[in-house]
Amino acid sequence: MHALDVLGDPVRRRILELIADGEAPAGDVGRVIQAEFGISQPAVSQHLRVLRESGFVTVRPEGARRLYAVDPAPLAQADAWFDAFRRFWEPRLDALGTELARGRLAQRKAAEKQRPAGASPPARPDDDTSIDPHDD
């Protein structure tokens, strides 16, 4: 089964999201999926089986529990497939980043104009963007 066939199902995508940060017991994953999608426990088990058999997840027994975790290797296959299409959205995302930086700069300048003389500027959260809004 191709990676995109596996990822095409919203239930399987959500399962991967739930375990993306680390191992999770099958029961915990099942309860969330059942509540969000209104499907039965056997249906959740089938989705976990598809993910396991296609290599997207690993399972580790711990007593009576089964702990599921993401295996990133198959995600690389999907990522490679998307490479041919990145040119369609990356320039737009870059432009969005530039516009956001321009907006933040304009807000800072407006705030500086309204600040009384001699007042210190307000603390701002770390801004890891290094986009020069004047560099087009």
# chains A, B, ... in the order shown; residues from 1 in each chain; ligands from 1

$ residues_around --residues "Val59 of chain A" --least-positions-apart "3" --cutoff "7 Å" --atoms "only C-alpha atoms" --output "VMD selection string"
chain A and resid 66 to 69

$ residues_around --residues "Val32 of chain A" --least-positions-apart "2" --cutoff "12 Å" --atoms "only C-alpha atoms" --output "PDB file with C-alpha atoms, in the first residue's frame"
ATOM      1  CA  VAL A  11      -8.849   8.295  11.103  1.00  0.00           C
ATOM      2  CA  ARG A  14      -5.531  11.387  13.490  1.00  0.00           C
ATOM      3  CA  ILE A  15      -4.012   8.266  15.048  1.00  0.00           C
ATOM      4  CA  GLU A  17      -1.185  12.825  15.274  1.00  0.00           C
ATOM      5  CA  LEU A  18      -2.062  11.286  18.628  1.00  0.00           C
ATOM      6  CA  ILE A  19       1.159   9.290  18.806  1.00  0.00           C
ATOM      7  CA  ALA A  24       0.622   5.792  23.532  1.00  0.00           C
ATOM      8  CA  PRO A  25      -1.387   2.783  24.681  1.00  0.00           C
ATOM      9  CA  ALA A  26      -3.817   1.375  22.134  1.00  0.00           C
ATOM     10  CA  GLY A  27      -6.670   1.831  24.621  1.00  0.00           C
ATOM     11  CA  ASP A  28      -6.013   5.558  24.992  1.00  0.00           C
ATOM     12  CA  VAL A  29      -5.777   6.024  21.234  1.00  0.00           C
ATOM     13  CA  GLY A  30      -8.939   3.976  20.766  1.00  0.00           C
ATOM     14  CA  GLN A  34     -14.041   6.419  19.104  1.00  0.00           C
ATOM     15  CA  ALA A  35     -15.138   9.722  20.629  1.00  0.00           C
ATOM     16  CA  GLU A  36     -14.013  11.887  17.713  1.00  0.00           C
ATOM     17  CA  PHE A  37     -15.128   9.669  14.827  1.00  0.00           C
ATOM     18  CA  GLY A  38     -17.951   7.665  16.369  1.00  0.00           C
ATOM     19  CA  ILE A  39     -16.497   4.328  15.294  1.00  0.00           C
ATOM     20  CA  SER A  40     -16.280   1.046  17.192  1.00  0.00           C
ATOM     21  CA  GLN A  41     -13.242  -0.333  18.986  1.00  0.00           C
ATOM     22  CA  VAL A  44     -10.057   1.452  15.500  1.00  0.00           C
TER      23      VAL A  44
END

$ select_by_dssp --residues "segment 52-132 of chain A" --states "strand (DSSP E or B)" --output "list in words"
Val57, Thr58, Val59, Arg60, Pro61, Glu62, Arg65, Arg66, Leu67, Tyr68, Ala69 and Val70 of chain A

$ write_last_selection --atoms "N, CA and C atoms" --output "mmCIF file, in the first residue's frame"
data_model
loop_
_atom_site.group_PDB
_atom_site.id
_atom_site.type_symbol
_atom_site.label_atom_id
_atom_site.label_comp_id
_atom_site.auth_asym_id
_atom_site.auth_seq_id
_atom_site.Cartn_x
_atom_site.Cartn_y
_atom_site.Cartn_z
ATOM 1 N N VAL A 57 3.560 2.645 12.007
ATOM 2 C CA VAL A 57 3.676 2.605 13.459
ATOM 3 C C VAL A 57 4.398 1.336 13.886
ATOM 4 N N THR A 58 4.982 1.436 15.054
ATOM 5 C CA THR A 58 5.548 0.258 15.702
ATOM 6 C C THR A 58 4.694 -0.015 16.928
ATOM 7 N N VAL A 59 4.704 -1.249 17.353
ATOM 8 C CA VAL A 59 3.959 -1.614 18.555
ATOM 9 C C VAL A 59 4.905 -2.359 19.482
ATOM 10 N N ARG A 60 4.806 -2.024 20.758
ATOM 11 C CA ARG A 60 5.653 -2.639 21.767
ATOM 12 C C ARG A 60 4.753 -3.115 22.894
ATOM 13 N N PRO A 61 4.818 -4.425 23.174
ATOM 14 C CA PRO A 61 3.996 -4.913 24.283
ATOM 15 C C PRO A 61 4.597 -4.489 25.622
ATOM 16 N N GLU A 62 3.725 -4.116 26.527
ATOM 17 C CA GLU A 62 4.125 -3.810 27.897
ATOM 18 C C GLU A 62 3.056 -4.410 28.800
ATOM 19 N N ARG A 65 -0.751 -4.309 27.877
ATOM 20 C CA ARG A 65 -0.965 -3.154 26.988
ATOM 21 C C ARG A 65 -0.093 -3.255 25.748
ATOM 22 N N ARG A 66 -0.529 -2.560 24.706
ATOM 23 C CA ARG A 66 0.251 -2.426 23.479
ATOM 24 C C ARG A 66 0.506 -0.944 23.287
ATOM 25 N N LEU A 67 1.779 -0.574 23.215
ATOM 26 C CA LEU A 67 2.159 0.828 23.054
ATOM 27 C C LEU A 67 2.509 1.077 21.599
ATOM 28 N N TYR A 68 1.845 2.055 21.021
ATOM 29 C CA TYR A 68 2.068 2.405 19.619
ATOM 30 C C TYR A 68 2.923 3.662 19.520
ATOM 31 N N ALA A 69 3.792 3.685 18.504
ATOM 32 C CA ALA A 69 4.644 4.846 18.247
ATOM 33 C C ALA A 69 4.780 5.014 16.733
ATOM 34 N N VAL A 70 5.028 6.233 16.304
ATOM 35 C CA VAL A 70 5.214 6.525 14.873
ATOM 36 C C VAL A 70 6.575 6.028 14.427
#

$ closest_residue --among "A:Gly8, A:Pro116, A:Pro72, A:Gly97" --to "Asp21 of chain A" --atoms "only C-alpha atoms"
A:Pro72

$ decode --residues "segment 53-88 of chain A" --atoms "N, CA and C atoms" --output "mmCIF file, in the first residue's frame"
data_model
loop_
_atom_site.group_PDB
_atom_site.id
_atom_site.type_symbol
_atom_site.label_atom_id
_atom_site.label_comp_id
_atom_site.auth_asym_id
_atom_site.auth_seq_id
_atom_site.Cartn_x
_atom_site.Cartn_y
_atom_site.Cartn_z
ATOM 1 N N GLU A 53 0.898 -2.699 9.689
ATOM 2 C CA GLU A 53 1.309 -3.525 8.550
ATOM 3 C C GLU A 53 1.959 -2.706 7.447
ATOM 4 N N SER A 54 1.608 -1.426 7.345
ATOM 5 C CA SER A 54 2.227 -0.570 6.322
ATOM 6 C C SER A 54 3.507 0.082 6.841
ATOM 7 N N GLY A 55 3.822 -0.171 8.101
ATOM 8 C CA GLY A 55 5.087 0.320 8.652
ATOM 9 C C GLY A 55 5.040 1.714 9.247
ATOM 10 N N PHE A 56 3.872 2.328 9.304
ATOM 11 C CA PHE A 56 3.771 3.688 9.838
ATOM 12 C C PHE A 56 3.899 3.745 11.349
ATOM 13 N N VAL A 57 3.560 2.645 12.007
ATOM 14 C CA VAL A 57 3.676 2.605 13.459
ATOM 15 C C VAL A 57 4.398 1.336 13.886
ATOM 16 N N THR A 58 4.982 1.436 15.054
ATOM 17 C CA THR A 58 5.548 0.258 15.702
ATOM 18 C C THR A 58 4.694 -0.015 16.928
ATOM 19 N N VAL A 59 4.704 -1.249 17.353
ATOM 20 C CA VAL A 59 3.959 -1.614 18.555
ATOM 21 C C VAL A 59 4.905 -2.359 19.482
ATOM 22 N N ARG A 60 4.806 -2.024 20.758
ATOM 23 C CA ARG A 60 5.653 -2.639 21.767
ATOM 24 C C ARG A 60 4.753 -3.115 22.894
ATOM 25 N N PRO A 61 4.818 -4.425 23.174
ATOM 26 C CA PRO A 61 3.996 -4.913 24.283
ATOM 27 C C PRO A 61 4.597 -4.489 25.622
ATOM 28 N N GLU A 62 3.725 -4.116 26.527
ATOM 29 C CA GLU A 62 4.125 -3.810 27.897
ATOM 30 C C GLU A 62 3.056 -4.410 28.800
ATOM 31 N N GLY A 63 3.327 -5.618 29.255
ATOM 32 C CA GLY A 63 2.310 -6.348 30.009
ATOM 33 C C GLY A 63 1.132 -6.647 29.099
ATOM 34 N N ALA A 64 -0.059 -6.292 29.547
ATOM 35 C CA ALA A 64 -1.262 -6.523 28.742
ATOM 36 C C ALA A 64 -1.509 -5.393 27.746
ATOM 37 N N ARG A 65 -0.751 -4.309 27.877
ATOM 38 C CA ARG A 65 -0.965 -3.154 26.988
ATOM 39 C C ARG A 65 -0.093 -3.255 25.748
ATOM 40 N N ARG A 66 -0.529 -2.560 24.706
ATOM 41 C CA ARG A 66 0.251 -2.426 23.479
ATOM 42 C C ARG A 66 0.506 -0.944 23.287
ATOM 43 N N LEU A 67 1.779 -0.574 23.215
ATOM 44 C CA LEU A 67 2.159 0.828 23.054
ATOM 45 C C LEU A 67 2.509 1.077 21.599
ATOM 46 N N TYR A 68 1.845 2.055 21.021
ATOM 47 C CA TYR A 68 2.068 2.405 19.619
ATOM 48 C C TYR A 68 2.923 3.662 19.520
ATOM 49 N N ALA A 69 3.792 3.685 18.504
ATOM 50 C CA ALA A 69 4.644 4.846 18.247
ATOM 51 C C ALA A 69 4.780 5.014 16.733
ATOM 52 N N VAL A 70 5.028 6.233 16.304
ATOM 53 C CA VAL A 70 5.214 6.525 14.873
ATOM 54 C C VAL A 70 6.575 6.028 14.427
ATOM 55 N N ASP A 71 6.606 5.392 13.273
ATOM 56 C CA ASP A 71 7.867 5.053 12.602
ATOM 57 C C ASP A 71 7.991 6.049 11.452
ATOM 58 N N PRO A 72 8.976 6.947 11.481
ATOM 59 C CA PRO A 72 9.044 8.020 10.483
ATOM 60 C C PRO A 72 9.447 7.583 9.078
ATOM 61 N N ALA A 73 9.978 6.389 8.908
ATOM 62 C CA ALA A 73 10.474 5.983 7.582
ATOM 63 C C ALA A 73 9.416 6.066 6.486
ATOM 64 N N PRO A 74 8.208 5.535 6.663
ATOM 65 C CA PRO A 74 7.210 5.641 5.592
ATOM 66 C C PRO A 74 6.767 7.075 5.324
ATOM 67 N N LEU A 75 6.863 7.925 6.321
ATOM 68 C CA LEU A 75 6.507 9.328 6.099
ATOM 69 C C LEU A 75 7.480 9.973 5.120
ATOM 70 N N ALA A 76 8.703 9.491 5.090
ATOM 71 C CA ALA A 76 9.684 9.995 4.129
ATOM 72 C C ALA A 76 9.243 9.692 2.699
ATOM 73 N N GLN A 77 8.600 8.550 2.498
ATOM 74 C CA GLN A 77 8.087 8.200 1.166
ATOM 75 C C GLN A 77 7.042 9.217 0.725
ATOM 76 N N ALA A 78 6.138 9.570 1.618
ATOM 77 C CA ALA A 78 5.119 10.567 1.280
ATOM 78 C C ALA A 78 5.768 11.922 1.037
ATOM 79 N N ASP A 79 6.727 12.272 1.873
ATOM 80 C CA ASP A 79 7.434 13.540 1.719
ATOM 81 C C ASP A 79 8.141 13.603 0.368
ATOM 82 N N ALA A 80 8.752 12.506 -0.035
ATOM 83 C CA ALA A 80 9.443 12.465 -1.332
ATOM 84 C C ALA A 80 8.450 12.659 -2.482
ATOM 85 N N TRP A 81 7.274 12.081 -2.354
ATOM 86 C CA TRP A 81 6.272 12.235 -3.400
ATOM 87 C C TRP A 81 5.862 13.697 -3.536
ATOM 88 N N PHE A 82 5.761 14.402 -2.399
ATOM 89 C CA PHE A 82 5.361 15.808 -2.412
ATOM 90 C C PHE A 82 6.441 16.730 -2.971
ATOM 91 N N ASP A 83 7.675 16.280 -3.028
ATOM 92 C CA ASP A 83 8.774 17.131 -3.525
ATOM 93 C C ASP A 83 8.459 17.776 -4.868
ATOM 94 N N ALA A 84 7.841 17.025 -5.755
ATOM 95 C CA ALA A 84 7.543 17.554 -7.094
ATOM 96 C C ALA A 84 6.517 18.684 -7.060
ATOM 97 N N PHE A 85 5.808 18.819 -5.940
ATOM 98 C CA PHE A 85 4.728 19.793 -5.856
ATOM 99 C C PHE A 85 5.015 20.960 -4.922
ATOM 100 N N ARG A 86 6.119 20.902 -4.201
ATOM 101 C CA ARG A 86 6.449 21.961 -3.247
ATOM 102 C C ARG A 86 6.550 23.329 -3.925
ATOM 103 N N ARG A 87 6.950 23.339 -5.172
ATOM 104 C CA ARG A 87 7.110 24.613 -5.888
ATOM 105 C C ARG A 87 5.796 25.384 -5.987
ATOM 106 N N PHE A 88 4.666 24.679 -5.807
ATOM 107 C CA PHE A 88 3.371 25.340 -5.887
ATOM 108 C C PHE A 88 3.025 26.106 -4.620
#
